[in-house]
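Undergrad: Before I ask anything, here is the structure I am working with.
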Amino acid sequence: MSQAGNSAAFVEFERVQKSYDGETLVVKDLNLSMPKGEFLTMLGPSGSGKTTCLMMLAGFETATHGAIRLDGVSINDIPPHKRGIGMVFQNYALFPHMTVAENLSFPLEVRKMGKSLREEKVKRALEMVQMGDFGGRRPAQLSGGQQQRIALARALVFEPELVLMDEPLGALDKQLRETLQFEITNLAHDLGITVVYVTHDQTEALTMSDRVAVFDDGRIQQLAPPDELYEKPQNSFVAQFIGENNTLDGVVQEIRGDTCIVKLDSGDVIDAVPVNVANVGDRTLVSIRPERVEFDKSRLQEGAHTLKAEVLEFIYMGDIFRTRLRVAGRDDFIIKTRNAPDQVRLEPGQQIDIGWLAEDCRALDA
Amino acid sequence: MSEQVLAADGRPLKSSLNRALRRQKMRALMLIAPLLLFIMLTFVIPIGQMLFRSVENQIVGNTIPKTVAALAAWDADQNEAPDETVFQALFYDMFVAAEAKEHTKLGSRLNYEQAGISSLFRKSGRSLSDIGELYQDAFEDLNPAWGDGAFWFDLMNDNGGAIASGLMIQQRDRLKRLTSADISLDVDFALRGDIAQALPLTAQQYASWALYTANVDNDVIAEETPWEAVYAALADDLRDPEAGARLAAYDGPGADSLLAALAIVPDIAAPSYKDAFAEIDSGWLEPRVWQTIQTYSPPFTPGYFLNSIDLEQTPNGIEWRPENQQIYLTLFWRTLVMSLTITGSCILLGYPVAWMLANLPARTANLLMILVLLPFWTSLLVRTSAWKVLLQDQGVINSLLVWIGLVADDNRLSLINNATGTIIAMTHILLPFMILPLYSVLKTIPPSYLRAAKSLGATNWTAFWRVYFPQSIPGIGAGSILCFILSIGYYITPEIVGGTRGVFISNRIAYHISTSLNWGLAAALGAILLAAVLLLYWAYDRIVGIDNVKLGG
């Protein structure tokens, strides 16, 4: 993980705070450091401060406290148009009175670029997003996906080193979104640009990013690569926000190095990894991913604790089976199994024993 | 051509659809019917009538029809007064018109075209009976029966023979056209055919008198002495070279008296009609008077429109009016320029306000909106009068400027009773009409456009000018059209603060409607104003596109 103040940092937030009304902080003590070429996503529920952070970076909001640095230079007092940061907006913000080519040419014109060079760059940018033939159209004549491609091309045409994207795919349908996710990531890597991407869609965040910053309550709850974020959530918010998650309440009974034993409220005892529980007797929220739960004893570790479970519901979802169980007094426990030829289909009413590898079960803050 | 699509019941789909929609359309029509009717009755029809007045000129032909007919043969280029026939026709026309008190109206009408005609007509109307009286006295001296209504009635009325009904209808129509009084009453009189043949002019005049007496004065025809024009007509008939032959053929009542009258006619010492009119007023001998009458004798005239643009009709064609009478082109031009100035200053002052309204937080914007609407709660007259107080020489603004030292005390700015005053006051009054449509358009422009422009490297000004402003043009267009059309027809404010140099064409229209009563000219000026507005609207549509006008959304 990058350290704040790292000399390789390209974008840097240092102790940044933001308040709109002077009473509450929307962003609380934000520290973030990004190397050049990274694709970083700010993920979080609405009102978590992620968009405010993006706007501060773009220059449309001023930080109440702290420093924002770009390539080592503090940009707090630099107006947006001098920051040289490309930006893609949620509603595309293509200028409706200009053609596509004029839209793309705009950033080059304000940079006083010659006409022939402009035309060449516009042409190249349009081809880059596979919209070469659309230069003469008006934005209103394009579909949402096409408009977003143009918006992307416009943000890239003046070759900024940093591009900000504010939920750029929010208004598109699922299939188009997936295609564009792929295209945007590829473009970003090919061009070597640094991207800060804001979204509230966790799938988008996981599939596109080098690192994801999960925001909640004005703070970064966890900043990590997608796999780490998913598999090793640092706290219960991240665990619950990213992906599907089973949680069980309990008390830490014993800590033995990198494993601990948790006594659930139902009286059962399970193994877990202590993540942010410090002392025996602390209340904890144990989190297990549905796909890491096993009900085949042979696949569990010797001596692993198991829990009694009753199958409540079996849902066929095509690629996976989703089974709802009653476990330790809760009836919202989900397990997911792959639809493989030898896979067992559980019947409602069936009694089974479930267990998991201790490292998949994380004891988090309650 | 694709195959006709049929509905489920086999009828063509189109007609089925039409049938289904007809009910909806009828209901929609019913909903707007009251307003439609109201607008038709109170707006479209009166405006149409008003515009019709700008070309309508039937008063000349209706009041002096014979004169108009006789004058057709007169050559205006000869530059001398027409001959006796025209004056004779004028005598009979004027006599009836004077009895019906319509001649002064014609005088006023012709006075618009040439000053002085009004008094000519008024004077003549009073003296016409003197001409007829000469003959009446002569005939009564010969035979007192000529002064007796019953004698005349017997002479003219139906006694079972042929009836000259055509002449009666003709006279009735002529009176109907002349006067607004009701002439349709069935009178107890029918003109006999043989007398109409023997004394054509007399029969005509008697019929005219009889209809008028019975219809308007409500008198019994047989008990009244005919008016003087009938005696003049009798004399004219008897003076006719063929009078002897006609009378010889006549054997109806009063044939003897007529023969006796025929004998004395050459001895009656009476001047010609031309001399008689010249005696009343020598103005009648001026060719210009007759040129005017001839020029304006057709039922429709371009004259009002020509006057509206400082032209006039002359025998030599259309010419500019004398320099000192030219006023309307200047006024039109001033109205146009000042309306554009007012619209321009409304844009300059209104745009920032509309911008603030659109971009401030809702609470502050609402307060500001109340301030914008505040003028609407105050009477227009009060606001305009307030400007009078503010702008006058010793007014608040001048005093302030003097106090600051910007203006010398003995050199105070004249801000009122001129174009400046009108522009200031009207800009203030029309400002809300600019702000409101502008605001509703600015509100629909998302702030992200400006942000996008700035993120692309545009300075604040470039972002505004290249990105925000073009999108606000529909609002400017809507506000400008509203302000311009309102100001081009504005009346009260220029009247109060405009003095003489700051009044609009609408003030002139009002003057002609209420003071000079020259409604035809007022209508022509109004029609030109309307045409100018439509022309500008068309030009706007061509240049900017009327689809680009938005009042919101």
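Ordering of the structure tokens sets the chain letters (A, B, ...), residue numbers begin anew at 1 in every chain, and ligands are numbered from 1 in the order given.
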Contacts of Leu110 of chain B at 9 Å or less, counting only C-alpha atoms, minus same-chain residues fewer than 6 places along, as a short mmCIF file (atom, residue, chain, number, x, y, z; two decimals) with N, CA and C atoms, in the first residue's frame?

TA:
data_model
loop_
_atom_site.label_atom_id
_atom_site.label_comp_id
_atom_site.auth_asym_id
_atom_site.auth_seq_id
_atom_site.Cartn_x
_atom_site.Cartn_y
_atom_site.Cartn_z
N VAL B 60 -67.45 59.09 -49.13
CA VAL B 60 -67.55 60.07 -50.23
C VAL B 60 -68.64 59.64 -51.21
N GLY B 116 -59.15 72.80 -44.68
CA GLY B 116 -60.06 73.85 -45.15
C GLY B 116 -61.35 73.33 -45.74
N ILE B 117 -61.37 72.07 -46.20
CA ILE B 117 -62.58 71.55 -46.82
C ILE B 117 -63.71 71.44 -45.81
N SER B 118 -63.35 71.16 -44.59
CA SER B 118 -64.37 70.99 -43.56
C SER B 118 -65.25 72.23 -43.44
N THR B 292 -59.07 66.83 -54.72
CA THR B 292 -59.14 66.00 -53.52
C THR B 292 -60.40 65.13 -53.54
N ILE B 293 -61.55 65.78 -53.91
CA ILE B 293 -62.79 65.00 -53.93
C ILE B 293 -62.68 63.87 -54.94
N TYR B 296 -60.40 61.02 -53.78
CA TYR B 296 -60.92 60.19 -52.70
C TYR B 296 -62.35 59.72 -52.93
#

Undergrad: Give me, as a compact mmCIF listing (two decimals) with N, CA and C atoms, in the first residue's frame, the residues of chain B touching chain A, with the criterion being at most 8 Å (counting only C-alpha atoms).

TA:
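Saved result, result12.txt, follows:
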# COMPACT_ATOMS: atom_id res chain seq x y z
N SER B 448 -23.23 21.49 -14.88
CA SER B 448 -22.10 20.63 -15.26
C SER B 448 -21.50 21.05 -16.60
N TYR B 449 -22.27 21.77 -17.45
CA TYR B 449 -21.70 22.24 -18.71
C TYR B 449 -20.55 23.21 -18.46
N ARG B 451 -18.83 23.42 -15.74
CA ARG B 451 -17.73 22.68 -15.11
C ARG B 451 -16.95 21.92 -16.17
N ALA B 452 -17.70 21.30 -17.09
CA ALA B 452 -17.02 20.55 -18.14
C ALA B 452 -16.13 21.48 -18.94
N ALA B 453 -16.66 22.65 -19.29
CA ALA B 453 -15.86 23.58 -20.08
C ALA B 453 -14.60 23.98 -19.33
N LYS B 454 -14.75 24.24 -18.03
CA LYS B 454 -13.58 24.65 -17.26
C LYS B 454 -12.59 23.50 -17.13
N SER B 455 -13.11 22.29 -16.94
CA SER B 455 -12.19 21.17 -16.81
C SER B 455 -11.45 20.94 -18.12
N LEU B 456 -12.06 21.39 -19.23
CA LEU B 456 -11.39 21.23 -20.52
C LEU B 456 -10.41 22.36 -20.78
N GLY B 457 -10.31 23.28 -19.82
CA GLY B 457 -9.29 24.31 -19.93
C GLY B 457 -9.80 25.68 -20.28
N ALA B 458 -11.14 25.88 -20.29
CA ALA B 458 -11.67 27.18 -20.65
C ALA B 458 -11.67 28.09 -19.42
N THR B 459 -11.33 29.36 -19.63
CA THR B 459 -11.42 30.32 -18.54
C THR B 459 -12.90 30.56 -18.25
N THR B 462 -14.53 32.29 -21.23
CA THR B 462 -14.69 31.42 -22.39
C THR B 462 -15.79 30.39 -22.14
N VAL B 467 -20.00 28.26 -24.09
CA VAL B 467 -20.82 27.10 -23.70
C VAL B 467 -22.15 27.51 -23.08
N PRO B 470 -24.50 30.40 -25.54
CA PRO B 470 -25.27 29.88 -26.70
C PRO B 470 -26.51 29.10 -26.28
N GLN B 471 -26.43 28.45 -25.14
CA GLN B 471 -27.60 27.68 -24.70
C GLN B 471 -28.67 28.55 -24.09

Undergrad: Contacts of segment 350-360 of chain B at 8 Å or less, counting only C-alpha atoms, minus same-chain residues fewer than 5 places along, as a list in words?

TA: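 My list of contacting residues is Ala365, Asn366, Leu368, Met369, Leu431, Pro432, Met434, Ile435, Leu436, Leu438, Tyr439, Ser440, Leu442 and Lys443 of chain B.
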
Undergrad: Applying 8 Å and only C-alpha atoms, which residues near Cys361 of chain A remain after dropping the ones on its own chain fewer than 3 positions away? List them as a PyMOL selection string.

TA: chain A and resi 271-273+286-289+356-358

Undergrad: Rounded to one decimal in Å, what is the spacing between atom CA of Asn276 of chain A and atom CA of Asp365 of chain A?

TA: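 Here the two named atoms are 5.8 Å from each other.
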
Undergrad: Work out how far atom CA of Thr63 of chain B is from atom CA of Ala222 of chain B, in Å to one decimal.

TA: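 Here the two named atoms are 27.0 Å from each other.
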
Undergrad: Please indicate the distance in Å from atom CA of Leu142 of chain B to atom CA of Pro253 of chain B, rounded to one decimal place.

TA: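 So the two atoms, atom CA of Leu142 of chain B and atom CA of Pro253 of chain B, lie 17.4 Å apart.
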
Undergrad: Could you give me, as a PyMOL selection string, each residue of segment 191-399 of chain B that DSSP assigns to alpha helix (DSSP H) when run on this structure's backbone?

TA: chain B and resi 193-198+200-212+228-239+243-249+255-264+273-280+287-295+303-308+328-359+362-373+380-391+396-399

Undergrad: Quick one: write out the picked residues with C-alpha atoms as a short mmCIF file (atom, residue, chain, number, x, y, z; two decimals), in the first residue's frame?

TA:
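So the final result, stored in selection.cif, reads:
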data_model
loop_
_atom_site.label_atom_id
_atom_site.label_comp_id
_atom_site.auth_asym_id
_atom_site.auth_seq_id
_atom_site.Cartn_x
_atom_site.Cartn_y
_atom_site.Cartn_z
CA GLY B 193 -94.75 56.60 -63.59
CA ASP B 194 -95.95 59.36 -65.91
CA ILE B 195 -94.79 62.22 -63.68
CA ALA B 196 -91.43 60.53 -63.25
CA GLN B 197 -91.13 60.59 -67.02
CA ALA B 198 -92.30 64.18 -67.40
CA PRO B 200 -87.38 63.09 -63.87
CA LEU B 201 -85.29 65.27 -61.55
CA THR B 202 -88.27 66.58 -59.61
CA ALA B 203 -89.67 63.09 -59.16
CA GLN B 204 -86.33 61.95 -57.84
CA GLN B 205 -86.00 64.79 -55.37
CA TYR B 206 -89.62 64.49 -54.27
CA ALA B 207 -89.26 60.76 -53.70
CA SER B 208 -86.12 61.39 -51.70
CA TRP B 209 -87.85 64.08 -49.62
CA ALA B 210 -90.95 61.95 -49.13
CA LEU B 211 -88.96 58.98 -47.86
CA TYR B 212 -86.93 61.17 -45.55
CA GLU B 228 -86.33 73.66 -51.48
CA ALA B 229 -84.34 71.23 -53.55
CA VAL B 230 -87.58 69.91 -55.03
CA TYR B 231 -88.39 73.42 -56.37
CA ALA B 232 -84.90 73.73 -57.78
CA ALA B 233 -85.36 70.35 -59.43
CA LEU B 234 -88.69 71.48 -60.91
CA ALA B 235 -87.02 74.53 -62.35
CA ASP B 236 -84.18 72.41 -63.75
CA ASP B 237 -86.71 70.00 -65.28
CA LEU B 238 -88.67 72.83 -66.87
CA ARG B 239 -85.49 74.47 -68.16
CA ALA B 243 -89.49 69.93 -71.20
CA GLY B 244 -92.17 71.21 -73.57
CA ALA B 245 -92.46 67.91 -75.39
CA ARG B 246 -92.55 65.95 -72.15
CA LEU B 247 -95.25 68.11 -70.65
CA ALA B 248 -97.30 67.89 -73.81
CA ALA B 249 -97.31 64.14 -73.36
CA ALA B 255 -100.75 69.42 -65.95
CA ASP B 256 -102.08 72.98 -66.35
CA SER B 257 -100.09 74.32 -63.43
CA LEU B 258 -96.96 72.72 -64.86
CA LEU B 259 -97.54 74.35 -68.25
CA ALA B 260 -97.98 77.71 -66.51
CA ALA B 261 -94.77 77.15 -64.59
CA LEU B 262 -92.95 76.18 -67.76
CA ALA B 263 -93.83 79.58 -69.16
CA ILE B 264 -92.28 81.57 -66.30
CA TYR B 273 -75.20 76.52 -59.36
CA LYS B 274 -71.55 77.23 -59.91
CA ASP B 275 -71.99 80.91 -59.20
CA ALA B 276 -74.17 80.13 -56.21
CA PHE B 277 -71.49 77.89 -54.67
CA ALA B 278 -68.85 80.46 -55.50
CA GLU B 279 -70.94 83.03 -53.69
CA ILE B 280 -71.14 80.84 -50.60
CA PRO B 287 -59.29 73.03 -58.51
CA ARG B 288 -57.44 71.57 -55.51
CA VAL B 289 -60.70 71.02 -53.66
CA TRP B 290 -62.10 69.11 -56.58
CA GLN B 291 -58.90 67.19 -57.09
CA THR B 292 -59.14 66.00 -53.52
CA ILE B 293 -62.79 65.00 -53.93
CA GLN B 294 -62.03 63.17 -57.14
CA THR B 295 -58.97 61.42 -55.69
CA GLY B 303 -54.73 57.23 -48.90
CA TYR B 304 -54.59 56.43 -45.21
CA PHE B 305 -51.65 54.14 -45.72
CA LEU B 306 -49.88 56.70 -47.87
CA ASN B 307 -50.45 59.30 -45.18
CA SER B 308 -49.04 56.89 -42.63
CA TYR B 328 -44.87 59.35 -39.31
CA LEU B 329 -41.71 57.85 -40.79
CA THR B 330 -39.72 59.63 -38.11
CA LEU B 331 -42.08 58.28 -35.49
CA PHE B 332 -41.94 54.73 -36.83
CA TRP B 333 -38.19 54.86 -36.95
CA ARG B 334 -38.00 56.29 -33.46
CA THR B 335 -40.39 53.65 -32.16
CA LEU B 336 -38.30 50.90 -33.73
CA VAL B 337 -34.95 52.23 -32.53
CA MET B 338 -36.18 52.95 -29.03
CA SER B 339 -37.90 49.58 -28.73
CA LEU B 340 -34.66 47.89 -29.74
CA THR B 341 -32.73 50.02 -27.29
CA ILE B 342 -35.17 49.14 -24.52
CA THR B 343 -34.99 45.45 -25.41
CA GLY B 344 -31.20 45.64 -25.47
CA SER B 345 -30.97 47.31 -22.09
CA CYS B 346 -33.44 44.76 -20.71
CA ILE B 347 -31.09 41.99 -21.85
CA LEU B 348 -28.07 43.71 -20.31
CA LEU B 349 -29.80 44.35 -17.00
CA GLY B 350 -31.90 41.19 -16.90
CA TYR B 351 -29.31 38.56 -17.78
CA PRO B 352 -27.27 38.83 -14.58
CA VAL B 353 -30.43 38.81 -12.49
CA ALA B 354 -31.78 35.76 -14.30
CA TRP B 355 -28.41 34.09 -13.88
CA MET B 356 -28.46 34.72 -10.15
CA LEU B 357 -32.03 33.49 -9.89
CA ALA B 358 -31.09 30.29 -11.66
CA ASN B 359 -27.93 29.64 -9.69
CA ALA B 362 -33.73 28.00 -3.67
CA ARG B 363 -34.43 30.13 -0.59
CA THR B 364 -32.44 33.13 -1.74
CA ALA B 365 -33.70 32.71 -5.28
CA ASN B 366 -37.30 32.83 -4.09
CA LEU B 367 -36.67 36.07 -2.24
CA LEU B 368 -35.04 37.54 -5.31
CA MET B 369 -37.93 36.34 -7.43
CA ILE B 370 -40.35 38.23 -5.21
CA LEU B 371 -38.28 41.36 -5.75
CA VAL B 372 -38.44 40.77 -9.50
CA LEU B 373 -42.19 40.36 -9.37
CA LEU B 380 -48.17 50.93 -13.97
CA LEU B 381 -49.24 54.54 -13.60
CA VAL B 382 -47.69 54.77 -10.16
CA ARG B 383 -44.42 53.32 -11.36
CA THR B 384 -44.27 55.65 -14.32
CA SER B 385 -45.15 58.66 -12.20
CA ALA B 386 -42.45 57.62 -9.76
CA TRP B 387 -39.96 57.87 -12.57
CA LYS B 388 -41.22 61.33 -13.29
CA VAL B 389 -40.37 62.28 -9.73
CA LEU B 390 -36.98 60.59 -9.85
CA LEU B 391 -35.85 61.85 -13.21
CA VAL B 396 -33.73 62.64 -6.82
CA ILE B 397 -31.26 61.40 -9.41
CA ASN B 398 -30.16 64.82 -10.58
CA SER B 399 -29.85 66.07 -7.02
#

Undergrad: Skip segment 21-26 of chain A itself and residues of its chain fewer than 4 positions away, then list as a PyMOL selection string all residues within 7 Å of it, counting only C-alpha atoms.

TA: chain A and resi 17+49+218

Undergrad: May I have the selected residues written with N, CA and C atoms, as a CSV table (one decimal), in the first residue's frame?

TA:
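Once written, out23.csv looks like this:
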chain,number,residue,atom,x,y,z
A,17,GLN,N,-10.0,18.1,4.7
A,17,GLN,CA,-11.3,18.1,5.3
A,17,GLN,C,-12.2,19.1,4.4
A,49,GLY,N,-19.0,11.2,0.6
A,49,GLY,CA,-17.9,12.1,0.4
A,49,GLY,C,-17.1,11.8,-0.8
A,218,GLY,N,-17.5,10.0,5.2
A,218,GLY,CA,-16.4,11.0,5.0
A,218,GLY,C,-15.0,10.5,5.2

Undergrad: Which neighbours of Asp353 of chain A fall inside 9 Å, counting only C-alpha atoms, when residues of the same chain fewer than 4 positions from it are skipped, and could you give them as an MDAnalysis selection string?

TA: chainID A and resid 294:297 306:310

Undergrad: Neighbouring residues of Pro226 of chain A were defined as those with any atom within 7 Å, considering only C-alpha atoms; residues of the same chain fewer than 4 positions away were excluded. Please report them as a PyMOL selection string.

TA: chain A and resi 206+211-212+230

Undergrad: So which residues of segment 144-358 of chain A fall under strand (DSSP E or B) by DSSP, listed as a PyMOL selection string?

TA: chain A and resi 162-166+194-199+211-216+219-224+246-256+259-264+269-274+283-288+294+307-316+320-327+330-338+351-355

Undergrad: Could you save those same residues with C-alpha atoms as an mmCIF file, in the first residue's frame?

TA:
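Written output follows (result_31.cif):
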data_model
loop_
_atom_site.group_PDB
_atom_site.id
_atom_site.type_symbol
_atom_site.label_atom_id
_atom_site.label_comp_id
_atom_site.auth_asym_id
_atom_site.auth_seq_id
_atom_site.Cartn_x
_atom_site.Cartn_y
_atom_site.Cartn_z
ATOM 1 C CA LEU A 162 -5.008 12.650 -14.833
ATOM 2 C CA VAL A 163 -8.613 11.894 -15.755
ATOM 3 C CA LEU A 164 -11.489 12.053 -13.311
ATOM 4 C CA MET A 165 -14.677 10.132 -13.958
ATOM 5 C CA ASP A 166 -17.812 10.858 -11.973
ATOM 6 C CA THR A 194 -3.930 8.099 -14.073
ATOM 7 C CA VAL A 195 -7.638 7.723 -13.420
ATOM 8 C CA VAL A 196 -9.750 8.559 -10.436
ATOM 9 C CA TYR A 197 -13.106 6.925 -10.913
ATOM 10 C CA VAL A 198 -16.124 7.502 -8.730
ATOM 11 C CA THR A 199 -18.922 4.979 -8.576
ATOM 12 C CA ARG A 211 -7.102 -0.068 -6.173
ATOM 13 C CA VAL A 212 -10.415 0.796 -4.608
ATOM 14 C CA ALA A 213 -10.989 3.320 -1.873
ATOM 15 C CA VAL A 214 -14.149 2.487 0.015
ATOM 16 C CA PHE A 215 -15.724 5.650 1.411
ATOM 17 C CA ASP A 216 -18.154 5.911 4.227
ATOM 18 C CA ARG A 219 -13.519 8.624 5.522
ATOM 19 C CA ILE A 220 -11.725 6.018 3.499
ATOM 20 C CA GLN A 221 -12.698 2.784 5.203
ATOM 21 C CA GLN A 222 -10.279 0.674 3.232
ATOM 22 C CA LEU A 223 -7.926 1.317 0.357
ATOM 23 C CA ALA A 224 -6.838 -1.890 -1.310
ATOM 24 C CA ASN A 246 -22.996 -13.664 5.904
ATOM 25 C CA THR A 247 -22.621 -12.189 9.335
ATOM 26 C CA LEU A 248 -22.902 -13.766 12.748
ATOM 27 C CA ASP A 249 -22.739 -11.949 16.106
ATOM 28 C CA GLY A 250 -20.651 -13.266 18.930
ATOM 29 C CA VAL A 251 -17.987 -12.738 21.576
ATOM 30 C CA VAL A 252 -14.295 -13.458 21.232
ATOM 31 C CA GLN A 253 -13.502 -16.383 23.456
ATOM 32 C CA GLU A 254 -9.887 -17.043 22.751
ATOM 33 C CA ILE A 255 -7.162 -15.542 20.573
ATOM 34 C CA ARG A 256 -4.332 -17.796 19.416
ATOM 35 C CA THR A 259 -6.779 -17.440 14.685
ATOM 36 C CA CYS A 260 -9.385 -16.949 17.299
ATOM 37 C CA ILE A 261 -12.411 -18.748 18.646
ATOM 38 C CA VAL A 262 -15.712 -16.919 18.686
ATOM 39 C CA LYS A 263 -18.658 -17.948 20.780
ATOM 40 C CA LEU A 264 -21.793 -17.030 18.887
ATOM 41 C CA VAL A 269 -18.363 -21.950 18.721
ATOM 42 C CA ILE A 270 -16.512 -21.199 15.476
ATOM 43 C CA ASP A 271 -12.997 -20.434 14.224
ATOM 44 C CA ALA A 272 -12.139 -17.071 12.716
ATOM 45 C CA VAL A 273 -9.277 -14.738 11.824
ATOM 46 C CA PRO A 274 -9.046 -11.837 14.245
ATOM 47 C CA ARG A 283 -18.132 -8.358 20.819
ATOM 48 C CA THR A 284 -17.509 -9.167 17.219
ATOM 49 C CA LEU A 285 -19.230 -9.504 13.895
ATOM 50 C CA VAL A 286 -18.029 -12.578 12.099
ATOM 51 C CA SER A 287 -18.184 -12.416 8.315
ATOM 52 C CA ILE A 288 -18.093 -15.338 5.880
ATOM 53 C CA GLU A 294 -18.699 -25.846 2.889
ATOM 54 C CA LEU A 307 -22.535 -25.445 12.740
ATOM 55 C CA LYS A 308 -25.885 -27.140 12.434
ATOM 56 C CA ALA A 309 -27.970 -25.704 9.620
ATOM 57 C CA GLU A 310 -31.395 -26.279 8.146
ATOM 58 C CA VAL A 311 -32.035 -25.662 4.457
ATOM 59 C CA LEU A 312 -34.834 -23.144 4.031
ATOM 60 C CA GLU A 313 -34.765 -22.354 0.356
ATOM 61 C CA PHE A 314 -32.949 -23.466 -2.742
ATOM 62 C CA ILE A 315 -32.678 -21.006 -5.588
ATOM 63 C CA TYR A 316 -31.475 -22.028 -9.005
ATOM 64 C CA ILE A 320 -24.731 -20.946 -9.322
ATOM 65 C CA PHE A 321 -27.079 -22.356 -6.737
ATOM 66 C CA ARG A 322 -28.043 -20.133 -3.918
ATOM 67 C CA THR A 323 -29.251 -21.767 -0.763
ATOM 68 C CA ARG A 324 -30.733 -20.016 2.202
ATOM 69 C CA LEU A 325 -30.132 -21.647 5.564
ATOM 70 C CA ARG A 326 -31.119 -21.225 9.173
ATOM 71 C CA VAL A 327 -27.877 -21.023 11.122
ATOM 72 C CA ARG A 330 -30.599 -16.532 11.881
ATOM 73 C CA ASP A 331 -32.459 -17.487 8.778
ATOM 74 C CA ASP A 332 -30.692 -15.217 6.304
ATOM 75 C CA PHE A 333 -27.532 -17.280 5.981
ATOM 76 C CA ILE A 334 -26.704 -17.769 2.320
ATOM 77 C CA ILE A 335 -24.417 -20.260 0.662
ATOM 78 C CA LYS A 336 -23.493 -20.289 -2.970
ATOM 79 C CA THR A 337 -22.369 -23.364 -4.831
ATOM 80 C CA ARG A 338 -21.175 -23.687 -8.372
ATOM 81 C CA GLN A 351 -30.373 -30.792 8.031
ATOM 82 C CA ILE A 352 -26.708 -30.252 7.256
ATOM 83 C CA ASP A 353 -23.460 -29.364 8.974
ATOM 84 C CA ILE A 354 -21.638 -26.350 7.604
ATOM 85 C CA GLY A 355 -18.092 -25.184 8.147
#
